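Enquirer: The file below is upload-v4.txt, compact mmCIF, N, CA and C atoms:
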# COMPACT_ATOMS: atom_id res chain seq x y z
N MET A 1 47.37 251.13 66.29
CA MET A 1 46.18 250.58 66.91
C MET A 1 46.49 250.22 68.36
N ILE A 2 45.51 250.47 69.21
CA ILE A 2 45.64 250.22 70.64
C ILE A 2 44.53 249.29 71.08
N LEU A 3 44.89 248.25 71.82
CA LEU A 3 43.90 247.34 72.38
C LEU A 3 43.13 248.10 73.45
N SER A 4 41.82 248.29 73.26
CA SER A 4 41.04 249.12 74.18
C SER A 4 40.06 248.33 75.03
N ASN A 5 39.66 247.13 74.59
CA ASN A 5 38.70 246.35 75.37
C ASN A 5 38.90 244.87 75.08
N ILE A 6 38.71 244.06 76.12
CA ILE A 6 38.78 242.61 76.00
C ILE A 6 37.55 242.02 76.67
N LYS A 7 36.82 241.19 75.93
CA LYS A 7 35.69 240.45 76.50
C LYS A 7 36.00 238.97 76.36
N ILE A 8 35.91 238.26 77.46
CA ILE A 8 36.19 236.83 77.50
C ILE A 8 34.97 236.11 78.06
N THR A 9 34.49 235.10 77.36
CA THR A 9 33.33 234.33 77.83
C THR A 9 33.66 232.85 77.78
N ASN A 10 33.56 232.19 78.93
CA ASN A 10 33.75 230.74 79.06
C ASN A 10 35.10 230.25 78.52
N PHE A 11 36.14 231.00 78.77
CA PHE A 11 37.48 230.60 78.36
C PHE A 11 38.26 230.21 79.61
N ARG A 12 38.65 228.95 79.67
CA ARG A 12 39.38 228.39 80.82
C ARG A 12 38.71 228.78 82.14
N GLN A 13 39.37 229.48 83.06
CA GLN A 13 38.74 229.80 84.34
C GLN A 13 37.87 231.05 84.28
N TYR A 14 37.80 231.70 83.14
CA TYR A 14 37.01 232.93 83.04
C TYR A 14 35.61 232.64 82.50
N GLU A 15 34.61 232.82 83.37
CA GLU A 15 33.23 232.68 82.91
C GLU A 15 32.83 233.91 82.11
N PHE A 16 33.15 235.11 82.62
CA PHE A 16 32.91 236.33 81.87
C PHE A 16 33.82 237.44 82.38
N VAL A 17 34.50 238.10 81.46
CA VAL A 17 35.35 239.24 81.76
C VAL A 17 35.07 240.31 80.71
N ASP A 18 34.90 241.53 81.14
CA ASP A 18 34.77 242.68 80.24
C ASP A 18 35.72 243.74 80.77
N LEU A 19 36.91 243.82 80.19
CA LEU A 19 37.97 244.70 80.69
C LEU A 19 38.19 245.85 79.73
N ASP A 20 37.94 247.05 80.23
CA ASP A 20 38.15 248.26 79.45
C ASP A 20 39.56 248.78 79.74
N LEU A 21 40.39 248.87 78.72
CA LEU A 21 41.77 249.34 78.88
C LEU A 21 41.81 250.80 78.44
N ASN A 22 41.50 251.68 79.36
CA ASN A 22 41.50 253.11 79.03
C ASN A 22 42.90 253.58 78.71
N TYR A 23 43.00 254.26 77.59
CA TYR A 23 44.30 254.74 77.14
C TYR A 23 44.37 256.25 77.32
N GLU A 24 45.43 256.68 77.97
CA GLU A 24 45.71 258.10 78.08
C GLU A 24 47.16 258.30 77.65
N LYS A 25 47.41 259.32 76.86
CA LYS A 25 48.78 259.54 76.38
C LYS A 25 49.76 259.72 77.53
N ALA A 26 49.34 260.33 78.62
CA ALA A 26 50.23 260.54 79.76
C ALA A 26 50.45 259.25 80.56
N LYS A 27 49.49 258.33 80.47
CA LYS A 27 49.58 257.05 81.21
C LYS A 27 49.34 255.93 80.21
N ASN A 28 50.37 255.56 79.49
CA ASN A 28 50.18 254.61 78.39
C ASN A 28 50.71 253.21 78.67
N ILE A 29 50.73 252.81 79.93
CA ILE A 29 51.16 251.47 80.29
C ILE A 29 50.06 250.81 81.12
N THR A 30 49.71 249.59 80.77
CA THR A 30 48.76 248.80 81.54
C THR A 30 49.50 247.59 82.07
N THR A 31 49.33 247.28 83.35
CA THR A 31 49.95 246.09 83.93
C THR A 31 48.88 245.13 84.41
N ILE A 32 49.15 243.87 84.26
CA ILE A 32 48.28 242.81 84.76
C ILE A 32 49.09 242.08 85.83
N VAL A 33 48.61 242.12 87.07
CA VAL A 33 49.33 241.49 88.18
C VAL A 33 48.41 240.53 88.91
N GLY A 34 49.00 239.56 89.57
CA GLY A 34 48.23 238.61 90.37
C GLY A 34 49.15 237.55 90.94
N VAL A 35 48.65 236.84 91.92
CA VAL A 35 49.44 235.77 92.54
C VAL A 35 49.56 234.60 91.57
N ASN A 36 50.47 233.69 91.86
CA ASN A 36 50.62 232.49 91.04
C ASN A 36 49.30 231.74 90.97
N GLY A 37 48.93 231.32 89.77
CA GLY A 37 47.71 230.57 89.58
C GLY A 37 46.46 231.42 89.43
N ALA A 38 46.60 232.74 89.41
CA ALA A 38 45.43 233.62 89.32
C ALA A 38 44.84 233.70 87.92
N GLY A 39 45.62 233.32 86.89
CA GLY A 39 45.09 233.32 85.53
C GLY A 39 45.70 234.33 84.59
N LYS A 40 46.84 234.89 84.96
CA LYS A 40 47.49 235.88 84.08
C LYS A 40 47.89 235.26 82.74
N SER A 41 48.48 234.10 82.77
CA SER A 41 48.89 233.43 81.52
C SER A 41 47.68 233.05 80.68
N ASN A 42 46.61 232.57 81.30
CA ASN A 42 45.40 232.24 80.55
C ASN A 42 44.74 233.48 79.99
N PHE A 43 44.84 234.60 80.70
CA PHE A 43 44.31 235.87 80.19
C PHE A 43 45.03 236.23 78.88
N PHE A 44 46.35 236.20 78.90
CA PHE A 44 47.11 236.51 77.68
C PHE A 44 46.94 235.41 76.64
N GLY A 45 46.78 234.17 77.09
CA GLY A 45 46.51 233.07 76.17
C GLY A 45 45.21 233.27 75.42
N SER A 46 44.22 233.87 76.07
CA SER A 46 42.94 234.13 75.39
C SER A 46 43.11 235.14 74.26
N ILE A 47 43.97 236.11 74.46
CA ILE A 47 44.24 237.10 73.41
C ILE A 47 44.91 236.43 72.22
N ILE A 48 45.90 235.60 72.49
CA ILE A 48 46.62 234.89 71.42
C ILE A 48 45.67 233.93 70.71
N TRP A 49 44.81 233.23 71.47
CA TRP A 49 43.84 232.32 70.86
C TRP A 49 42.90 233.09 69.94
N CYS A 50 42.45 234.26 70.38
CA CYS A 50 41.56 235.07 69.55
C CYS A 50 42.23 235.47 68.24
N LEU A 51 43.47 235.86 68.31
CA LEU A 51 44.18 236.33 67.12
C LEU A 51 44.65 235.21 66.20
N TYR A 52 45.13 234.10 66.78
CA TYR A 52 45.80 233.07 65.98
C TYR A 52 45.12 231.70 65.99
N GLY A 53 44.13 231.50 66.85
CA GLY A 53 43.42 230.23 66.87
C GLY A 53 44.07 229.13 67.67
N LYS A 54 45.17 229.42 68.34
CA LYS A 54 45.78 228.43 69.23
C LYS A 54 46.43 229.14 70.39
N GLU A 55 46.63 228.38 71.44
CA GLU A 55 47.22 228.96 72.64
C GLU A 55 48.74 228.87 72.57
N PRO A 56 49.42 229.77 73.26
CA PRO A 56 50.89 229.72 73.25
C PRO A 56 51.39 228.46 73.95
N ASP A 57 52.36 227.83 73.35
CA ASP A 57 53.03 226.66 73.93
C ASP A 57 52.09 225.50 74.23
N ALA A 58 50.93 225.46 73.59
CA ALA A 58 49.98 224.37 73.85
C ALA A 58 50.32 223.20 72.93
N LYS A 59 50.88 222.15 73.49
CA LYS A 59 51.20 220.96 72.70
C LYS A 59 49.93 220.18 72.40
N ASP A 60 49.02 220.15 73.37
CA ASP A 60 47.77 219.41 73.21
C ASP A 60 46.68 220.16 73.95
N ASN A 61 45.71 220.70 73.23
CA ASN A 61 44.66 221.51 73.84
C ASN A 61 43.59 220.69 74.55
N ARG A 62 43.71 219.39 74.56
CA ARG A 62 42.69 218.57 75.22
C ARG A 62 43.12 218.27 76.65
N GLN A 63 42.18 218.39 77.54
CA GLN A 63 42.40 218.01 78.93
C GLN A 63 41.55 216.79 79.21
N LYS A 64 42.10 215.85 79.95
CA LYS A 64 41.34 214.64 80.26
C LYS A 64 41.50 214.33 81.74
N ASN A 65 40.43 213.92 82.34
CA ASN A 65 40.48 213.30 83.65
C ASN A 65 39.37 212.27 83.70
N ALA A 66 39.12 211.70 84.85
CA ALA A 66 38.15 210.61 84.93
C ALA A 66 36.74 211.03 84.52
N GLU A 67 36.41 212.30 84.70
CA GLU A 67 35.03 212.74 84.48
C GLU A 67 34.82 213.49 83.17
N PHE A 68 35.87 214.13 82.63
CA PHE A 68 35.70 215.03 81.50
C PHE A 68 36.60 214.67 80.33
N ASP A 69 36.12 214.94 79.15
CA ASP A 69 36.90 214.83 77.92
C ASP A 69 36.40 215.95 77.02
N TYR A 70 37.00 217.10 77.10
CA TYR A 70 36.54 218.26 76.36
C TYR A 70 37.73 219.11 75.94
N VAL A 71 37.50 220.02 75.02
CA VAL A 71 38.57 220.91 74.59
C VAL A 71 38.95 221.79 75.78
N GLY A 72 40.24 221.91 76.03
CA GLY A 72 40.75 222.57 77.23
C GLY A 72 40.41 224.03 77.39
N ILE A 73 39.98 224.71 76.34
CA ILE A 73 39.67 226.13 76.50
C ILE A 73 38.30 226.36 77.12
N LEU A 74 37.43 225.37 77.13
CA LEU A 74 36.07 225.53 77.62
C LEU A 74 36.05 225.69 79.13
N HIS A 75 35.32 226.68 79.62
CA HIS A 75 35.16 226.93 81.05
C HIS A 75 34.45 225.74 81.69
N GLU A 76 35.17 224.97 82.50
CA GLU A 76 34.66 223.71 83.03
C GLU A 76 33.36 223.86 83.82
N PRO A 77 33.24 224.83 84.76
CA PRO A 77 31.97 224.94 85.50
C PRO A 77 30.76 225.21 84.59
N SER A 78 30.93 225.95 83.52
CA SER A 78 29.82 226.18 82.59
C SER A 78 29.40 224.88 81.91
N PHE A 79 30.40 224.07 81.58
CA PHE A 79 30.12 222.76 80.98
C PHE A 79 29.39 221.86 81.96
N VAL A 80 29.88 221.80 83.19
CA VAL A 80 29.32 220.90 84.20
C VAL A 80 27.87 221.27 84.51
N LYS A 81 27.58 222.56 84.68
CA LYS A 81 26.23 222.95 85.10
C LYS A 81 25.23 223.02 83.94
N SER A 82 25.70 222.88 82.71
CA SER A 82 24.77 222.95 81.58
C SER A 82 24.04 221.63 81.39
N ASN A 83 22.89 221.70 80.76
CA ASN A 83 22.07 220.52 80.49
C ASN A 83 22.55 219.82 79.22
N ILE A 84 22.20 218.54 79.09
CA ILE A 84 22.49 217.78 77.87
C ILE A 84 21.82 218.49 76.70
N ASP A 85 22.49 218.50 75.56
CA ASP A 85 22.04 219.14 74.31
C ASP A 85 22.11 220.67 74.35
N LYS A 86 22.66 221.24 75.41
CA LYS A 86 22.82 222.69 75.48
C LYS A 86 24.07 223.10 74.71
N ILE A 87 23.99 224.25 74.03
CA ILE A 87 25.13 224.82 73.32
C ILE A 87 25.86 225.76 74.28
N ILE A 88 27.16 225.57 74.42
CA ILE A 88 27.99 226.39 75.29
C ILE A 88 29.02 227.09 74.39
N GLU A 89 29.12 228.40 74.50
CA GLU A 89 30.02 229.16 73.63
C GLU A 89 31.23 229.67 74.40
N THR A 90 32.40 229.43 73.85
CA THR A 90 33.64 230.05 74.31
C THR A 90 33.93 231.17 73.33
N LYS A 91 34.14 232.39 73.85
CA LYS A 91 34.31 233.54 72.96
C LYS A 91 35.28 234.54 73.54
N VAL A 92 36.13 235.09 72.67
CA VAL A 92 37.02 236.19 73.05
C VAL A 92 36.85 237.28 72.00
N GLU A 93 36.62 238.50 72.47
CA GLU A 93 36.44 239.64 71.58
C GLU A 93 37.45 240.72 71.95
N LEU A 94 38.23 241.14 70.97
CA LEU A 94 39.22 242.20 71.16
C LEU A 94 38.77 243.43 70.38
N THR A 95 38.81 244.59 71.02
CA THR A 95 38.48 245.85 70.35
C THR A 95 39.73 246.70 70.30
N PHE A 96 40.05 247.16 69.11
CA PHE A 96 41.20 248.03 68.88
C PHE A 96 40.71 249.39 68.42
N ASN A 97 41.33 250.44 68.92
CA ASN A 97 41.05 251.81 68.47
C ASN A 97 42.33 252.42 67.93
N ASP A 98 42.15 253.34 66.98
CA ASP A 98 43.33 254.08 66.56
C ASP A 98 43.70 255.07 67.66
N ILE A 99 44.87 255.64 67.57
CA ILE A 99 45.39 256.47 68.66
C ILE A 99 44.53 257.70 68.93
N ASN A 100 43.76 258.14 67.93
CA ASN A 100 42.90 259.30 68.10
C ASN A 100 41.44 258.92 68.40
N ASN A 101 41.18 257.64 68.59
CA ASN A 101 39.83 257.12 68.85
C ASN A 101 38.83 257.47 67.76
N LEU A 102 39.29 257.54 66.54
CA LEU A 102 38.39 257.85 65.42
C LEU A 102 37.80 256.59 64.80
N GLU A 103 38.55 255.51 64.84
CA GLU A 103 38.09 254.25 64.26
C GLU A 103 38.24 253.13 65.27
N SER A 104 37.34 252.15 65.16
CA SER A 104 37.35 251.01 66.07
C SER A 104 37.22 249.73 65.25
N TYR A 105 37.98 248.71 65.63
CA TYR A 105 37.94 247.41 64.96
C TYR A 105 37.77 246.33 66.02
N LYS A 106 36.97 245.31 65.69
CA LYS A 106 36.78 244.19 66.61
C LYS A 106 37.19 242.90 65.93
N ILE A 107 37.85 242.05 66.70
CA ILE A 107 38.17 240.70 66.28
C ILE A 107 37.55 239.77 67.30
N THR A 108 36.74 238.84 66.84
CA THR A 108 36.06 237.89 67.72
C THR A 108 36.31 236.48 67.23
N ARG A 109 36.74 235.61 68.14
CA ARG A 109 36.85 234.19 67.84
C ARG A 109 35.95 233.46 68.81
N SER A 110 35.20 232.50 68.30
CA SER A 110 34.31 231.74 69.17
C SER A 110 34.28 230.28 68.74
N HIS A 111 34.06 229.43 69.70
CA HIS A 111 33.79 228.01 69.48
C HIS A 111 32.52 227.69 70.25
N SER A 112 31.61 227.00 69.61
CA SER A 112 30.40 226.56 70.29
C SER A 112 30.47 225.05 70.46
N PHE A 113 30.16 224.61 71.65
CA PHE A 113 30.20 223.19 71.98
C PHE A 113 28.80 222.73 72.37
N LYS A 114 28.44 221.56 71.93
CA LYS A 114 27.16 220.98 72.32
C LYS A 114 27.44 219.87 73.32
N LYS A 115 26.84 219.98 74.48
CA LYS A 115 27.01 218.93 75.50
C LYS A 115 26.14 217.75 75.10
N VAL A 116 26.76 216.62 74.80
CA VAL A 116 26.01 215.44 74.37
C VAL A 116 25.80 214.43 75.50
N SER A 117 26.63 214.51 76.53
CA SER A 117 26.45 213.71 77.74
C SER A 117 27.36 214.30 78.80
N ASN A 118 27.25 213.82 80.02
CA ASN A 118 28.16 214.30 81.06
C ASN A 118 29.57 213.87 80.71
N GLY A 119 30.43 214.84 80.52
CA GLY A 119 31.81 214.55 80.18
C GLY A 119 32.09 214.49 78.70
N ARG A 120 31.09 214.61 77.84
CA ARG A 120 31.31 214.54 76.39
C ARG A 120 30.69 215.76 75.70
N HIS A 121 31.35 216.21 74.67
CA HIS A 121 30.87 217.34 73.89
C HIS A 121 31.14 217.07 72.42
N GLU A 122 30.59 217.90 71.58
CA GLU A 122 30.99 217.92 70.18
C GLU A 122 31.09 219.38 69.77
N VAL A 123 32.05 219.66 68.89
CA VAL A 123 32.21 221.04 68.41
C VAL A 123 31.05 221.32 67.47
N PHE A 124 30.32 222.34 67.79
CA PHE A 124 29.12 222.67 67.04
C PHE A 124 29.42 223.71 65.96
N LEU A 125 30.23 224.71 66.28
CA LEU A 125 30.51 225.78 65.35
C LEU A 125 31.78 226.50 65.79
N SER A 126 32.62 226.85 64.85
CA SER A 126 33.84 227.57 65.14
C SER A 126 33.94 228.75 64.19
N LEU A 127 34.03 229.97 64.74
CA LEU A 127 34.01 231.17 63.91
C LEU A 127 35.06 232.18 64.32
N ILE A 128 35.50 232.97 63.36
CA ILE A 128 36.26 234.18 63.64
C ILE A 128 35.66 235.31 62.84
N HIS A 129 35.45 236.44 63.49
CA HIS A 129 34.90 237.64 62.84
C HIS A 129 35.91 238.77 62.97
N ILE A 130 36.13 239.47 61.89
CA ILE A 130 37.00 240.65 61.93
C ILE A 130 36.21 241.84 61.43
Mind converting the file's structure to structure tokens?
Expert:
Amino acid sequence: MILSNIKITNFRQYEFVDLDLNYEKAKNITTIVGVNGAGKSNFFGSIIWCLYGKEPDAKDNRQKNAEFDYVGILHEPSFVKSNIDKIIETKVELTFNDINNLESYKITRSHSFKKVSNGRHEVFLSLIHI
């Protein structure tokens, strides 16, 4: 199986990403490059979170500061600009194809958060689909 597509919605600094990883037998290596702080580790962390439900090396997934108290995977700007009682979904979808592109499988993990006040949320729904 080959990872062929990654969709990320409201995960850490990613509001929305739809990355198609085209596979060619002659060119079978994909590289992810960027400057420090660009989000490479969070990109790979989203894949691990989708597959296993937790981030790599995450001792505590909660981030706190004076204004926010929310699960650290939630895209902060989406949370800030949303209205009270709005449902905000964090979702990662991985699509795998067999080497001959005959079959396709998707794995999706999502968490939905309800904004109950500025700086506060509650987990509304947590799902994984295979």
Enquirer: For A:Gly45, work out the shell of residues within 10 Å, counting only C-alpha atoms and skipping chain neighbours fewer than 3 positions away, then give it as a VMD selection string.
Expert: chain A and resid 11 to 12 39 to 42 48 to 51 54 to 58 73
Enquirer: Give me a file of those residues, with N, CA and C atoms, as a short mmCIF file (atom, residue, chain, number, x, y, z; two decimals), in the coordinates of the input.
Expert:
data_model
loop_
_atom_site.label_atom_id
_atom_site.label_comp_id
_atom_site.auth_asym_id
_atom_site.auth_seq_id
_atom_site.Cartn_x
_atom_site.Cartn_y
_atom_site.Cartn_z
N PHE A 11 36.14 231.00 78.77
CA PHE A 11 37.48 230.60 78.36
C PHE A 11 38.26 230.21 79.61
N ARG A 12 38.65 228.95 79.67
CA ARG A 12 39.38 228.39 80.82
C ARG A 12 38.71 228.78 82.14
N GLY A 39 45.62 233.32 86.89
CA GLY A 39 45.09 233.32 85.53
C GLY A 39 45.70 234.33 84.59
N LYS A 40 46.84 234.89 84.96
CA LYS A 40 47.49 235.88 84.08
C LYS A 40 47.89 235.26 82.74
N SER A 41 48.48 234.10 82.77
CA SER A 41 48.89 233.43 81.52
C SER A 41 47.68 233.05 80.68
N ASN A 42 46.61 232.57 81.30
CA ASN A 42 45.40 232.24 80.55
C ASN A 42 44.74 233.48 79.99
N ILE A 48 45.90 235.60 72.49
CA ILE A 48 46.62 234.89 71.42
C ILE A 48 45.67 233.93 70.71
N TRP A 49 44.81 233.23 71.47
CA TRP A 49 43.84 232.32 70.86
C TRP A 49 42.90 233.09 69.94
N CYS A 50 42.45 234.26 70.38
CA CYS A 50 41.56 235.07 69.55
C CYS A 50 42.23 235.47 68.24
N LEU A 51 43.47 235.86 68.31
CA LEU A 51 44.18 236.33 67.12
C LEU A 51 44.65 235.21 66.20
N LYS A 54 45.17 229.42 68.34
CA LYS A 54 45.78 228.43 69.23
C LYS A 54 46.43 229.14 70.39
N GLU A 55 46.63 228.38 71.44
CA GLU A 55 47.22 228.96 72.64
C GLU A 55 48.74 228.87 72.57
N PRO A 56 49.42 229.77 73.26
CA PRO A 56 50.89 229.72 73.25
C PRO A 56 51.39 228.46 73.95
N ASP A 57 52.36 227.83 73.35
CA ASP A 57 53.03 226.66 73.93
C ASP A 57 52.09 225.50 74.23
N ALA A 58 50.93 225.46 73.59
CA ALA A 58 49.98 224.37 73.85
C ALA A 58 50.32 223.20 72.93
N ILE A 73 39.98 224.71 76.34
CA ILE A 73 39.67 226.13 76.50
C ILE A 73 38.30 226.36 77.12
#
Enquirer: Which polymer residues have any atom within 8 Å of an atom of A:Lys86, counting all atoms listed in the file, with same-chain residues fewer than 6 positions away left out, as a PyMOL selection string?
Expert: chain A and resi 112-117
Enquirer: Counting all atoms listed in the file, find residues at most 8 Å from (37.4, 244.9, 61.5) (file frame) and give them as an mmCIF file with N, CA and C atoms, in the frame of the given file.
Expert:
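Wrote part29.cif, looks like this:
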data_model
loop_
_atom_site.group_PDB
_atom_site.id
_atom_site.type_symbol
_atom_site.label_atom_id
_atom_site.label_comp_id
_atom_site.auth_asym_id
_atom_site.auth_seq_id
_atom_site.Cartn_x
_atom_site.Cartn_y
_atom_site.Cartn_z
ATOM 1 N N SER A 104 37.340 252.150 65.160
ATOM 2 C CA SER A 104 37.350 251.010 66.070
ATOM 3 C C SER A 104 37.220 249.730 65.250
ATOM 4 N N TYR A 105 37.980 248.710 65.630
ATOM 5 C CA TYR A 105 37.940 247.410 64.960
ATOM 6 C C TYR A 105 37.770 246.330 66.020
ATOM 7 N N LYS A 106 36.970 245.310 65.690
ATOM 8 C CA LYS A 106 36.780 244.190 66.610
ATOM 9 C C LYS A 106 37.190 242.900 65.930
ATOM 10 N N ILE A 107 37.850 242.050 66.700
ATOM 11 C CA ILE A 107 38.170 240.700 66.280
ATOM 12 C C ILE A 107 37.550 239.770 67.300
ATOM 13 N N HIS A 129 35.450 236.440 63.490
ATOM 14 C CA HIS A 129 34.900 237.640 62.840
ATOM 15 C C HIS A 129 35.910 238.770 62.970
ATOM 16 N N ILE A 130 36.130 239.470 61.890
ATOM 17 C CA ILE A 130 37.000 240.650 61.930
ATOM 18 C C ILE A 130 36.210 241.840 61.430
#
Enquirer: As an exercise, work out the distance from atom CA of A:Ser46 to atom CA of A:Lys7 in Å and give it to one decimal place.
Expert: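 The value is 9.7 Å.
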Enquirer: Running DSSP on the backbone, which parts of chain A land in alpha helix (DSSP H), as a list in words?
Expert: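 Across chain A, those assigned alpha helix (DSSP H) are Lys40, Ser41, Asn42, Phe43, Phe44, Gly45, Ser46, Ile47, Ile48, Trp49, Cys50, Leu51, Tyr52, Glu76, Pro77, Ser78, Phe79, Val80 and Lys81 of chain A.
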Enquirer: Kindly indicate which residue among A:Glu24, A:Phe16, A:Ala38, A:Asn10 lies nearest to A:Phe79, using only N, CA and C atoms for the distances.
Expert: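 Selected residue with least distance to A:Phe79: A:Asn10.
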Enquirer: With distances taken over only C-alpha atoms, which residue among A:Leu102, A:Gly53, A:Phe44, A:His111 lies nearest A:Ile88?
Expert: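 Using only C-alpha atoms, A:Ile88 sits closest to A:His111.
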Enquirer: What is the distance, in Å and to one decimal place, between atom C of A:Gln13 and atom C of A:Glu76?
Expert: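 Interatomic distance, atom C of A:Gln13 to atom C of A:Glu76: 8.5 Å.
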Enquirer: Between A:Val17, A:Ile128, A:Ile84, A:Ile2, which one has atoms that come closest to A:Asn100, using only C-alpha atoms?
Expert: A:Ile2
Enquirer: Point out the residue among A:Gly37, A:Asn83, A:Asn101, A:His75 with the least atom-to-atom distance to A:Glu15, counting all atoms listed in the file.
Expert: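 Answer, going by the shortest atom-to-atom distance: A:His75.
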Enquirer: Hey, can you check how far atom CA of A:Ile47 sits from atom CA of A:Asp85?
Expert: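 So the two atoms, atom CA of A:Ile47 and atom CA of A:Asp85, lie 28.6 Å apart.
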Enquirer: With 6 Å on each side, where is the centre of the axis-aligned box around all listed atoms of stretch 23-42 of chain A, and how long are its edges in Å to one decimal, as JSON?
Expert:
{"center_x": 47.1, "center_y": 245.6, "center_z": 84.5, "size_x": 20.2, "size_y": 42.0, "size_z": 28.2}
